>>> print(open('model.cif').read())   # mmCIF, C-alpha atoms
data_target
#
loop_
_atom_site.label_atom_id
_atom_site.label_comp_id
_atom_site.auth_asym_id
_atom_site.auth_seq_id
_atom_site.Cartn_x
_atom_site.Cartn_y
_atom_site.Cartn_z
CA MET A 288 31.02 26.06 -19.32
CA ARG A 289 28.78 27.34 -22.11
CA TYR A 290 27.29 23.87 -22.56
CA TRP A 291 26.59 23.67 -18.83
CA LYS A 292 24.99 27.13 -18.88
CA ASN A 293 22.72 26.06 -21.75
CA LEU A 294 21.68 23.01 -19.77
CA GLN A 295 20.84 25.18 -16.76
CA GLU A 296 18.65 27.41 -18.94
CA ASN A 297 16.85 24.49 -20.59
CA LYS A 298 13.21 24.66 -19.37
CA VAL A 299 12.40 21.08 -20.36
CA LEU A 300 15.39 19.76 -18.43
CA LYS A 301 14.46 21.92 -15.43
CA ASN A 302 10.93 20.52 -15.43
CA ILE A 303 12.23 16.96 -15.64
CA LEU A 304 14.61 17.54 -12.73
CA LEU A 305 11.83 19.17 -10.71
CA PHE A 306 9.57 16.19 -11.36
CA LEU A 307 12.29 13.71 -10.35
CA ALA A 308 12.84 15.73 -7.17
CA MET A 309 9.11 15.50 -6.35
CA LEU A 310 8.92 11.76 -7.09
CA GLY A 311 8.50 9.71 -3.94
CA PRO A 312 5.43 9.75 -1.66
CA GLY A 313 2.89 8.77 -4.34
CA VAL A 314 5.03 6.03 -5.89
CA ILE A 315 6.11 4.60 -2.53
CA THR A 316 2.60 4.64 -1.01
CA GLY A 317 1.10 3.12 -4.14
CA SER A 318 3.77 0.42 -4.35
CA VAL A 319 3.44 -0.58 -0.71
CA ASP A 320 -0.14 -1.61 -1.61
CA ASN A 321 1.41 -4.66 -3.24
CA ASP A 322 2.53 -6.22 0.03
CA ALA A 323 2.46 -9.89 0.97
CA GLY A 324 -1.30 -9.73 1.62
CA GLY A 325 -1.95 -7.96 -1.67
CA ILE A 326 0.14 -10.41 -3.69
CA THR A 327 -1.65 -13.28 -1.99
CA THR A 328 -5.06 -11.78 -2.82
CA TYR A 329 -4.18 -11.20 -6.49
CA SER A 330 -2.62 -14.66 -6.82
CA VAL A 331 -5.47 -16.59 -5.23
CA ALA A 332 -8.13 -14.58 -7.11
CA SER A 333 -6.66 -15.15 -10.56
CA ALA A 334 -5.71 -18.77 -9.86
CA THR A 335 -9.31 -19.40 -8.83
CA TYR A 336 -11.24 -17.37 -11.42
CA GLY A 337 -8.74 -16.77 -14.23
CA TYR A 338 -8.79 -13.79 -16.60
CA PRO A 339 -12.46 -12.81 -16.05
CA ILE A 340 -11.79 -11.36 -12.59
CA ILE A 341 -9.09 -8.95 -13.88
CA TRP A 342 -11.75 -6.26 -14.54
CA VAL A 343 -11.76 -5.42 -10.83
CA LEU A 344 -8.41 -3.66 -11.25
CA LEU A 345 -10.00 -0.72 -13.11
CA PRO A 346 -12.33 0.40 -10.29
CA SER A 347 -9.49 -0.34 -7.87
CA PHE A 348 -7.35 2.15 -9.78
CA ILE A 349 -10.05 4.84 -9.51
CA VAL A 350 -10.45 4.27 -5.77
CA LEU A 351 -6.71 4.45 -5.17
CA LEU A 352 -6.24 7.58 -7.28
CA VAL A 353 -9.11 9.52 -5.67
CA VAL A 354 -8.03 8.79 -2.10
CA GLN A 355 -4.31 9.37 -2.67
CA GLU A 356 -4.94 12.70 -4.39
CA MET A 357 -7.00 13.92 -1.42
CA ASN A 358 -4.24 12.82 0.97
CA MET A 359 -1.56 14.59 -1.02
CA ARG A 360 -3.63 17.77 -1.31
CA MET A 361 -4.42 17.90 2.42
CA GLY A 362 -0.76 17.45 3.32
CA ALA A 363 0.47 20.01 0.78
CA CYS A 364 -2.19 22.57 1.74
CA THR A 365 -2.07 22.30 5.54
CA GLY A 366 1.48 21.13 6.19
CA LYS A 367 -0.06 18.76 8.75
CA GLY A 368 -0.43 15.00 8.88
CA LEU A 369 -3.76 13.23 8.81
CA ALA A 370 -3.38 12.15 12.44
CA ASP A 371 -2.73 15.73 13.53
CA LEU A 372 -5.79 16.98 11.61
CA ILE A 373 -8.06 14.28 13.06
CA ARG A 374 -6.98 15.17 16.62
CA GLU A 375 -7.53 18.88 16.02
CA ASN A 376 -10.95 18.48 14.41
CA PHE A 377 -12.51 15.45 16.13
CA GLY A 378 -10.97 15.46 19.60
CA ILE A 379 -8.56 13.36 21.61
CA LYS A 380 -11.07 10.60 22.53
CA VAL A 381 -11.93 9.77 18.92
CA THR A 382 -8.22 9.93 18.07
CA PHE A 383 -7.30 7.56 20.91
CA TRP A 384 -9.75 4.82 19.88
CA ILE A 385 -8.94 5.09 16.18
CA PHE A 386 -5.22 4.79 16.81
CA LEU A 387 -5.51 2.03 19.37
CA GLY A 388 -7.31 -0.04 16.73
CA LEU A 389 -4.78 0.92 14.07
CA LEU A 390 -1.85 -0.03 16.33
CA ILE A 391 -3.28 -3.50 17.02
CA ALA A 392 -4.09 -4.07 13.35
CA ASP A 393 -0.68 -2.86 12.18
CA ILE A 394 1.18 -5.18 14.54
CA GLY A 395 -0.75 -8.05 12.96
CA ASN A 396 -0.09 -6.68 9.46
CA THR A 397 3.63 -6.39 10.22
CA ALA A 398 3.65 -10.04 11.28
CA THR A 399 2.02 -10.89 7.95
CA GLU A 400 4.81 -9.05 6.10
CA PHE A 401 7.46 -11.02 7.97
CA ALA A 402 5.53 -14.17 7.06
CA GLY A 403 6.01 -13.11 3.43
CA VAL A 404 9.76 -12.76 4.04
CA ALA A 405 9.88 -16.21 5.64
CA GLY A 406 7.85 -17.83 2.86
CA SER A 407 9.75 -16.26 -0.04
CA MET A 408 13.18 -17.01 1.44
CA GLY A 409 12.03 -20.52 2.31
CA ILE A 410 11.67 -21.17 -1.43
CA PHE A 411 15.41 -20.47 -1.76
CA GLY A 412 16.18 -22.79 1.16
CA ILE A 413 16.76 -20.09 3.80
CA SER A 414 15.25 -20.76 7.24
CA LYS A 415 12.85 -18.22 8.71
CA TYR A 416 15.03 -18.19 11.84
CA ILE A 417 17.71 -16.55 9.68
CA SER A 418 15.70 -14.52 7.15
CA VAL A 419 13.24 -12.87 9.56
CA PRO A 420 15.73 -11.56 12.19
CA ALA A 421 18.16 -10.52 9.42
CA THR A 422 15.42 -8.58 7.64
CA ALA A 423 14.36 -6.87 10.88
CA LEU A 424 17.98 -5.85 11.52
CA VAL A 425 18.35 -4.40 8.00
CA VAL A 426 15.08 -2.49 8.42
CA TRP A 427 16.22 -1.08 11.78
CA ILE A 428 19.58 0.06 10.35
CA LEU A 429 17.91 1.64 7.31
CA VAL A 430 15.54 3.70 9.46
CA THR A 431 17.87 4.65 12.33
CA LYS A 432 21.10 5.25 10.41
CA GLY A 433 19.66 6.86 7.30
CA ASN A 434 17.67 10.00 6.64
CA TYR A 435 14.51 10.69 4.66
CA LYS A 436 16.30 11.27 1.33
CA ILE A 437 18.36 8.08 1.56
CA SER A 438 15.40 6.01 2.73
CA GLU A 439 13.20 7.44 -0.02
CA ARG A 440 15.69 6.42 -2.71
CA ILE A 441 15.87 2.90 -1.32
CA PHE A 442 12.07 2.71 -1.18
CA LEU A 443 11.89 3.88 -4.81
CA LEU A 444 14.36 1.13 -5.73
CA PHE A 445 12.09 -1.39 -3.99
CA SER A 446 9.18 0.00 -6.02
CA VAL A 447 11.10 -0.56 -9.27
CA CYS A 448 12.00 -4.12 -8.20
CA LEU A 449 8.29 -4.94 -7.99
CA LEU A 450 8.23 -4.66 -11.78
CA SER A 451 9.98 -8.06 -11.74
CA TYR A 452 6.47 -9.50 -11.97
CA VAL A 453 6.47 -8.40 -15.61
CA PHE A 454 8.93 -11.22 -16.33
CA SER A 455 6.75 -13.81 -14.60
CA ALA A 456 3.75 -12.71 -16.66
CA LEU A 457 5.67 -12.76 -19.94
CA ALA A 458 7.12 -16.20 -19.17
CA ALA A 459 3.58 -17.51 -18.63
CA LYS A 460 2.76 -16.68 -22.31
CA PRO A 461 -0.77 -15.39 -21.63
CA ASP A 462 -3.48 -14.62 -24.15
CA TRP A 463 -3.16 -10.83 -24.16
CA GLY A 464 -6.30 -10.45 -26.26
CA GLN A 465 -8.27 -12.23 -23.55
CA VAL A 466 -6.56 -10.09 -20.88
CA ALA A 467 -7.64 -6.88 -22.65
CA HIS A 468 -11.17 -8.21 -23.15
CA SER A 469 -11.47 -9.17 -19.48
CA LEU A 470 -10.36 -5.70 -18.34
CA VAL A 471 -13.20 -3.90 -20.12
CA ASN A 472 -15.90 -6.59 -20.14
CA PRO A 473 -16.76 -7.65 -16.57
CA GLN A 474 -18.02 -11.22 -16.20
CA ILE A 475 -19.63 -11.04 -12.79
CA GLN A 476 -20.66 -14.13 -10.86
CA PHE A 477 -23.43 -13.64 -8.33
CA ASN A 478 -22.26 -15.82 -5.49
CA LYS A 479 -20.78 -15.13 -2.08
CA ASP A 480 -17.27 -16.48 -2.70
CA TYR A 481 -16.83 -14.46 -5.89
CA LEU A 482 -18.12 -11.28 -4.26
CA ILE A 483 -15.78 -11.70 -1.29
CA MET A 484 -12.87 -12.13 -3.71
CA VAL A 485 -13.85 -8.97 -5.60
CA LEU A 486 -14.11 -7.04 -2.35
CA GLY A 487 -10.73 -8.37 -1.30
CA ILE A 488 -9.05 -7.13 -4.50
CA VAL A 489 -10.51 -3.64 -4.15
CA GLY A 490 -9.88 -3.58 -0.41
CA THR A 491 -6.22 -4.55 -0.71
CA THR A 492 -5.52 -1.34 -2.66
CA ILE A 493 -6.54 0.90 0.24
CA ALA A 494 -5.88 0.46 3.96
CA PRO A 495 -6.29 2.97 6.81
CA TRP A 496 -2.60 3.14 7.69
CA MET A 497 -1.65 4.00 4.08
CA GLN A 498 -3.55 7.27 4.21
CA PHE A 499 -1.56 8.41 7.23
CA TYR A 500 1.74 7.41 5.66
CA MET A 501 0.99 9.23 2.40
CA GLN A 502 0.23 12.52 4.11
CA SER A 503 3.20 12.23 6.46
CA ALA A 504 5.54 11.50 3.52
CA VAL A 505 4.25 14.60 1.70
CA ILE A 506 5.08 16.70 4.76
CA GLU A 507 8.55 15.18 5.26
CA LYS A 508 9.33 15.92 1.61
CA GLY A 509 8.27 19.55 2.08
CA THR A 510 5.59 19.50 -0.64
CA THR A 511 3.35 22.61 -0.87
CA MET A 512 0.45 23.58 -3.14
CA ASP A 513 2.99 25.30 -5.40
CA ASP A 514 4.21 21.78 -6.21
CA TYR A 515 0.69 20.41 -6.75
CA LYS A 516 1.00 19.48 -10.44
CA LEU A 517 4.27 17.64 -9.98
CA ALA A 518 3.02 15.96 -6.79
CA LEU A 519 -0.15 14.90 -8.61
CA ALA A 520 1.98 13.35 -11.37
CA ASP A 521 3.82 11.41 -8.64
CA VAL A 522 0.48 10.15 -7.28
CA VAL A 523 -0.77 9.15 -10.74
CA ILE A 524 2.46 7.30 -11.59
CA GLY A 525 2.31 5.52 -8.24
CA CYS A 526 -1.28 4.41 -8.82
CA VAL A 527 -0.57 3.26 -12.39
CA ALA A 528 2.51 1.32 -11.27
CA THR A 529 0.55 -0.32 -8.45
CA ILE A 530 -2.24 -1.54 -10.71
CA ALA A 531 0.26 -2.58 -13.40
CA VAL A 532 2.11 -4.81 -10.92
CA ALA A 533 -1.20 -6.28 -9.75
CA LEU A 534 -2.18 -6.93 -13.38
CA PHE A 535 1.03 -8.82 -14.15
CA ILE A 536 0.66 -10.92 -10.99
CA MET A 537 -2.91 -11.83 -11.93
CA VAL A 538 -2.00 -12.53 -15.56
CA ALA A 539 0.86 -14.84 -14.54
CA CYS A 540 -1.37 -16.86 -12.22
CA ALA A 541 -4.39 -16.93 -14.57
CA ALA A 542 -2.32 -18.11 -17.53
CA THR A 543 -0.67 -20.93 -15.61
CA LEU A 544 -2.38 -21.93 -12.38
CA HIS A 545 -6.01 -21.37 -13.39
CA ALA A 546 -5.43 -22.86 -16.84
CA ASN A 547 -4.09 -26.02 -15.19
CA HIS A 548 -6.63 -26.12 -12.33
CA ILE A 549 -4.03 -25.51 -9.60
CA THR A 550 -5.43 -24.36 -6.24
CA ILE A 551 -3.33 -22.17 -3.95
CA ASN A 552 -3.79 -20.58 -0.53
CA GLU A 553 -1.00 -18.00 -0.43
CA ALA A 554 1.56 -16.18 -2.58
CA LYS A 555 4.35 -18.65 -1.70
CA ASP A 556 2.22 -21.44 -3.19
CA ALA A 557 1.90 -19.42 -6.41
CA ALA A 558 5.68 -19.04 -6.72
CA LEU A 559 6.20 -22.77 -6.27
CA ALA A 560 3.32 -23.75 -8.56
CA LEU A 561 4.56 -21.54 -11.42
CA LYS A 562 7.73 -23.60 -11.90
CA PRO A 563 6.30 -26.52 -13.93
CA PHE A 564 4.31 -24.21 -16.23
CA ALA A 565 6.39 -21.05 -16.68
CA GLY A 566 9.86 -22.31 -15.76
CA ALA A 567 12.26 -22.01 -12.84
CA PHE A 568 13.16 -18.41 -13.73
CA ALA A 569 9.54 -17.23 -13.59
CA SER A 570 9.07 -19.04 -10.27
CA ALA A 571 12.24 -17.49 -8.79
CA VAL A 572 11.30 -14.00 -10.02
CA PHE A 573 7.83 -14.36 -8.46
CA ALA A 574 9.42 -15.38 -5.14
CA PHE A 575 11.88 -12.48 -5.38
CA GLY A 576 8.99 -10.06 -5.95
CA LEU A 577 7.25 -11.45 -2.87
CA PHE A 578 10.42 -10.95 -0.82
CA VAL A 579 10.89 -7.36 -2.04
CA ALA A 580 7.24 -6.52 -1.37
CA SER A 581 7.41 -8.07 2.10
CA ILE A 582 10.60 -6.33 3.22
CA PHE A 583 9.34 -3.07 1.68
CA SER A 584 6.08 -3.21 3.63
CA ALA A 585 7.80 -4.54 6.76
CA THR A 586 9.72 -1.25 6.71
CA ILE A 587 6.96 1.16 5.73
CA LEU A 588 4.14 -0.24 7.87
CA PRO A 589 5.75 0.00 11.35
CA LEU A 590 7.40 3.26 10.30
CA ALA A 591 4.06 4.74 9.29
CA THR A 592 2.38 3.45 12.45
CA ALA A 593 5.02 4.96 14.74
CA PHE A 594 4.88 8.22 12.80
CA TYR A 595 1.15 8.84 12.87
CA ILE A 596 0.64 7.69 16.46
CA CYS A 597 3.40 10.02 17.68
CA GLU A 598 2.02 12.79 15.48
CA ALA A 599 -1.48 12.29 16.88
CA PHE A 600 -0.32 12.66 20.48
CA GLY A 601 2.22 15.43 19.99
CA PHE A 602 5.51 13.49 20.16
CA ASN A 603 8.47 14.19 17.87
CA ALA A 604 8.55 11.83 14.90
CA GLY A 605 10.43 11.31 11.64
CA ILE A 606 13.44 9.42 10.34
CA ASP A 607 15.34 12.69 9.92
CA LYS A 608 15.40 12.96 13.72
CA GLN A 609 17.94 11.23 15.94
CA PRO A 610 16.70 8.59 18.46
CA GLU A 611 17.47 10.91 21.38
CA ASP A 612 15.31 13.62 19.78
CA ALA A 613 12.34 11.32 19.12
CA PRO A 614 12.54 8.50 21.71
CA GLN A 615 8.83 7.63 21.59
CA PHE A 616 8.92 7.34 17.80
CA TYR A 617 11.89 4.96 17.72
CA ALA A 618 10.71 2.98 20.74
CA LEU A 619 7.32 2.36 19.11
CA PHE A 620 8.96 1.48 15.78
CA ALA A 621 11.24 -1.03 17.52
CA ALA A 622 8.37 -2.54 19.52
CA ILE A 623 6.26 -3.16 16.40
CA LEU A 624 9.25 -4.76 14.63
CA ILE A 625 10.10 -7.02 17.58
CA ILE A 626 6.51 -8.14 18.19
CA GLY A 627 5.94 -8.77 14.47
CA CYS A 628 9.11 -10.88 14.25
CA GLY A 629 8.32 -12.68 17.47
CA ILE A 630 4.90 -13.77 16.21
CA ILE A 631 6.41 -15.29 13.04
CA LEU A 632 9.18 -17.08 14.93
CA MET A 633 6.70 -18.70 17.33
CA PRO A 634 6.17 -22.40 16.52
CA HIS A 635 2.71 -23.06 15.03
CA ALA A 636 1.77 -19.36 14.99
CA PRO A 637 -1.85 -18.97 13.75
CA LEU A 638 -0.92 -16.71 10.83
CA ILE A 639 -4.19 -17.14 8.94
CA ALA A 640 -6.21 -16.21 12.04
CA ILE A 641 -3.95 -13.21 12.66
CA THR A 642 -4.36 -12.04 9.07
CA LEU A 643 -8.15 -12.34 9.15
CA TRP A 644 -8.37 -10.67 12.56
CA THR A 645 -6.27 -7.67 11.52
CA GLN A 646 -8.26 -7.30 8.29
CA ASP A 647 -11.49 -7.18 10.32
CA ILE A 648 -10.04 -4.31 12.38
CA ASN A 649 -8.93 -2.53 9.21
CA ALA A 650 -12.42 -3.00 7.78
CA MET A 651 -14.01 -1.40 10.83
CA LEU A 652 -11.61 1.56 10.85
CA LEU A 653 -11.58 2.29 7.12
CA PRO A 654 -15.01 3.98 6.95
CA VAL A 655 -14.13 6.17 9.95
CA VAL A 656 -10.89 7.33 8.31
CA LEU A 657 -12.53 7.95 4.93
CA ILE A 658 -15.41 9.97 6.36
CA SER A 659 -12.95 12.02 8.45
CA MET A 660 -10.91 12.73 5.32
CA GLN A 661 -13.96 13.79 3.30
CA LEU A 662 -15.22 16.13 6.02
CA MET A 663 -11.84 17.78 6.42
CA VAL A 664 -10.98 18.11 2.73
CA ASN A 665 -14.30 19.95 2.24
CA ASN A 666 -13.76 22.31 5.19
CA PRO A 667 -12.60 25.76 4.00
CA ASP A 668 -11.28 26.54 7.48
CA ILE A 669 -8.78 23.71 6.93
CA MET A 670 -8.24 23.73 3.17
CA GLY A 671 -8.90 27.39 2.28
CA ALA A 672 -9.52 27.63 -1.46
CA HIS A 673 -8.30 24.06 -2.02
CA VAL A 674 -11.46 22.21 -0.97
CA ASN A 675 -12.89 19.62 -3.33
CA ASN A 676 -14.68 20.89 -6.42
CA LYS A 677 -18.05 19.39 -7.41
CA ALA A 678 -16.53 16.65 -9.54
CA GLN A 679 -14.04 15.70 -6.82
CA ASN A 680 -16.83 15.68 -4.23
CA MET A 681 -19.03 13.49 -6.38
CA ILE A 682 -16.22 11.02 -7.00
CA GLY A 683 -14.90 11.28 -3.46
CA TRP A 684 -18.20 10.68 -1.68
CA ALA A 685 -19.22 7.99 -4.17
CA THR A 686 -15.90 6.25 -3.54
CA THR A 687 -16.36 6.59 0.22
CA ILE A 688 -19.93 5.26 0.15
CA ILE A 689 -19.01 2.36 -2.14
CA LEU A 690 -16.05 1.41 0.03
CA ILE A 691 -18.16 1.59 3.19
CA ALA A 692 -20.81 -0.61 1.56
CA MET A 693 -18.17 -3.07 0.36
CA THR A 694 -16.53 -3.14 3.77
CA ALA A 695 -19.88 -3.81 5.42
CA LEU A 696 -20.58 -6.63 2.96
CA LEU A 697 -17.14 -8.10 3.56
CA MET A 698 -17.89 -8.25 7.28
CA ILE A 699 -21.51 -9.40 6.98
CA LEU A 700 -21.28 -12.11 4.31
CA PRO A 701 -19.28 -14.60 6.43
CA LEU A 702 -22.09 -14.49 9.02
CA PHE A 703 -24.36 -16.31 6.59
CA ASP A 704 -22.17 -19.39 6.99
CA SER A 705 -23.42 -19.73 10.57
CA PHE A 706 -26.98 -20.27 9.32
CA LYS A 707 -26.08 -23.28 7.17
#
>>> encode(input="model.cif", output="structure tokens")
Amino acid sequence: MRYWKNLQENKVLKNILLFLAMLGPGVITGSVDNDAGGITTYSVASATYGYPIIWVLLPSFIVLLVVQEMNMRMGACTGKGLADLIRENFGIKVTFWIFLGLLIADIGNTATEFAGVAGSMGIFGISKYISVPATALVVWILVTKGNYKISERIFLLFSVCLLSYVFSALAAKPDWGQVAHSLVNPQIQFNKDYLIMVLGIVGTTIAPWMQFYMQSAVIEKGTTMDDYKLALADVVIGCVATIAVALFIMVACAATLHANHITINEAKDAALALKPFAGAFASAVFAFGLFVASIFSATILPLATAFYICEAFGFNAGIDKQPEDAPQFYALFAAILIIGCGIILMPHAPLIAITLWTQDINAMLLPVVLISMQLMVNNPDIMGAHVNNKAQNMIGWATTIILIAMTALLMILPLFDSFK
């Protein structure tokens, strides 16, 4: 009893337990960045350009950290989700068009995640007609039969599983000195294909729907400004883990595929191509990471979409609520799952076209979401004393302007092909 009492009075232990209790939204939101599309982008980029393109991860980290901190702070300060705040401050018409675009894009993105499930399980000889419906069923049970605490722990486990890419990178036996040099010494190529690849790497770390999920997760967890320091640590750890996973993916592909002049088009190709150079274990681990990332995002993405759309229009939402208490939320979640699965199970589904189309919609919506966030986080009527300081404003607006410029370039550059 005395030993237990000493433990209860131990301040260090209390702080550790408090931090572990706060862990969740930042790590989960950061990890879900590394979905099937993200893994594909990192794999193709490093297989094509090798170590020299790894430098892009550093500015990507800054972008991710700045935006996620603002999301967390808005949620903790206001107790409201981003969708709710946009409706209150910009009106129902703006909200309707933003969320219509997000819904269409997220259905396409969900289909892409199920494509990742199909591709990764196909490497192990499992048909997509088994893996995709089975995954959808598991996702449905997790969300409808669990609660936020249980789901959060499972999501955190998924986040840890993404560290499996460390083994693939180590098995590839990379030149770590060259990796370190490439991180801090950019070797920029001034051509359209390289620039598009750079924009793709930065862009895959931040998507419109992620911002809504982050803020909603903060609210469901009950985070307030009293918890700011611990919540910020959660955000920082999530961002570091996200970029670390991306780094190991890029290192694995640069050390093997680029070094041996192997061209790939998607993450599944990378898993298969690794086998002759890094061994069957590295190939299997890469495929497992793709599966974990895909099922993780196939859960989070439709969940986030259903949550913020219901929040925006005043319907009950949240996995802590029973289906009869939030029928619109669960109906929308089910519809996104079913449509996403249906697209993948269609023979000859144009997955590449779907992916590009949804990314175009994301690109158009991203500046709108970022500007809305910046205006609200600087509004004392919304944030009180917790508005951005000068340094945060400088970084925040610079990040917003750079991302808008990069998004515009990403949309404009392909047009030049039509003049050839």
>>> resolve_selection(input="model.cif", expression="the PyMOL selection byres ((chain A and resi 460-468) around 12)", output="compact mmCIF listing (two decimals) with C-alpha atoms, in the coordinates of the input")
# COMPACT_ATOMS: atom_id res chain seq x y z
CA SER A 333 -6.66 -15.15 -10.56
CA GLY A 337 -8.74 -16.77 -14.23
CA TYR A 338 -8.79 -13.79 -16.60
CA PRO A 339 -12.46 -12.81 -16.05
CA ILE A 340 -11.79 -11.36 -12.59
CA ILE A 341 -9.09 -8.95 -13.88
CA TRP A 342 -11.75 -6.26 -14.54
CA LEU A 344 -8.41 -3.66 -11.25
CA LEU A 345 -10.00 -0.72 -13.11
CA VAL A 453 6.47 -8.40 -15.61
CA PHE A 454 8.93 -11.22 -16.33
CA SER A 455 6.75 -13.81 -14.60
CA ALA A 456 3.75 -12.71 -16.66
CA LEU A 457 5.67 -12.76 -19.94
CA ALA A 458 7.12 -16.20 -19.17
CA ALA A 459 3.58 -17.51 -18.63
CA SER A 469 -11.47 -9.17 -19.48
CA LEU A 470 -10.36 -5.70 -18.34
CA VAL A 471 -13.20 -3.90 -20.12
CA ASN A 472 -15.90 -6.59 -20.14
CA PRO A 473 -16.76 -7.65 -16.57
CA GLN A 474 -18.02 -11.22 -16.20
CA LEU A 534 -2.18 -6.93 -13.38
CA PHE A 535 1.03 -8.82 -14.15
CA ILE A 536 0.66 -10.92 -10.99
CA MET A 537 -2.91 -11.83 -11.93
CA VAL A 538 -2.00 -12.53 -15.56
CA ALA A 539 0.86 -14.84 -14.54
CA CYS A 540 -1.37 -16.86 -12.22
CA ALA A 541 -4.39 -16.93 -14.57
CA ALA A 542 -2.32 -18.11 -17.53
CA THR A 543 -0.67 -20.93 -15.61
CA LEU A 544 -2.38 -21.93 -12.38
CA HIS A 545 -6.01 -21.37 -13.39
CA ALA A 546 -5.43 -22.86 -16.84
CA PHE A 564 4.31 -24.21 -16.23
CA ALA A 565 6.39 -21.05 -16.68
CA GLY A 566 9.86 -22.31 -15.76
CA ALA A 569 9.54 -17.23 -13.59
>>> residues_around(input="model.cif", residues="A:Lys608", least_positions_apart="4", cutoff="12 Å", atoms="only C-alpha atoms", output="MDAnalysis selection string")
chainID A and resid 430:435 507 594 602:604 612:617
>>> atom_distance(input="model.cif", atom1="atom CA of A:Trp427", atom2="atom CA of A:Leu653")
28.4 Å
>>> closest_residue(input="model.cif", among="A:Asn478, A:Ser451, A:Ser407, A:Thr510", to="A:Gly362", atoms="all atoms listed in the file")
A:Thr510
>>> closest_residue(input="model.cif", among="A:Asn552, A:Asn649, A:Thr399, A:Asn376", to="A:Val664", atoms="all atoms listed in the file")
A:Asn376
>>> resolve_selection(input="model.cif", expression="the PyMOL selection byres ((chain A and resi 398) around 12)", output="NGL selection string")
:A and (322-324 or 391-397 or 399-405 or 419 or 423 or 581-582 or 584-586 or 588-589 or 623-633 or 636-642 or 645)
>>> closest_residue(input="model.cif", among="A:Leu369, A:Val354, A:Leu450, A:Val425", to="A:Ala580", atoms="all atoms listed in the file")
A:Leu450
>>> closest_residue(input="model.cif", among="A:Ala332, A:Val572, A:Ala672, A:Ala518", to="A:Phe411", atoms="all atoms listed in the file")
A:Val572
>>> atom_distance(input="model.cif", atom1="atom CA of A:Leu559", atom2="atom CA of A:Ala334")
13.1 Å
>>> atom_distance(input="model.cif", atom1="atom CA of A:Ala560", atom2="atom CA of A:Ile483")
23.7 Å
>>> closest_atom_pairs(input="model.cif", of="stretch 466-508 of chain A", to="stretch 347-352 of chain A", cutoff="8 Å", atoms="only C-alpha atoms", output="tab-separated table")
residue	atom	partner	partner_atom	distance
A:Ile488	CA	A:Ser347	CA	7.6
A:Val489	CA	A:Ser347	CA	5.1
A:Thr492	CA	A:Leu351	CA	6.4
A:Ile493	CA	A:Leu351	CA	6.5
>>> resolve_selection(input="model.cif", expression="the PyMOL selection byres ((chain A and resi 683) around 12)", output="PyMOL selection string")
chain A and resi 349-358+657-658+660-662+664-665+674-682+684-690
>>> closest_residue(input="model.cif", among="A:Leu387, A:Ile691, A:Val381, A:Met408", to="A:Lys555", atoms="only C-alpha atoms")
A:Met408
>>> residues_near_point(input="model.cif", point="(-6.3, 5.1, 16.6)", cutoff="12 Å", atoms="only C-alpha atoms", output="PyMOL selection string")
chain A and resi 369-371+373-374+378-393+495-496+499+592-593+595-600+648-649+651-653+655-656
>>> closest_residue(input="model.cif", among="A:Pro420, A:Gln476, A:Pro654, A:Glu553", to="A:Ala692", atoms="all atoms listed in the file")
A:Pro654
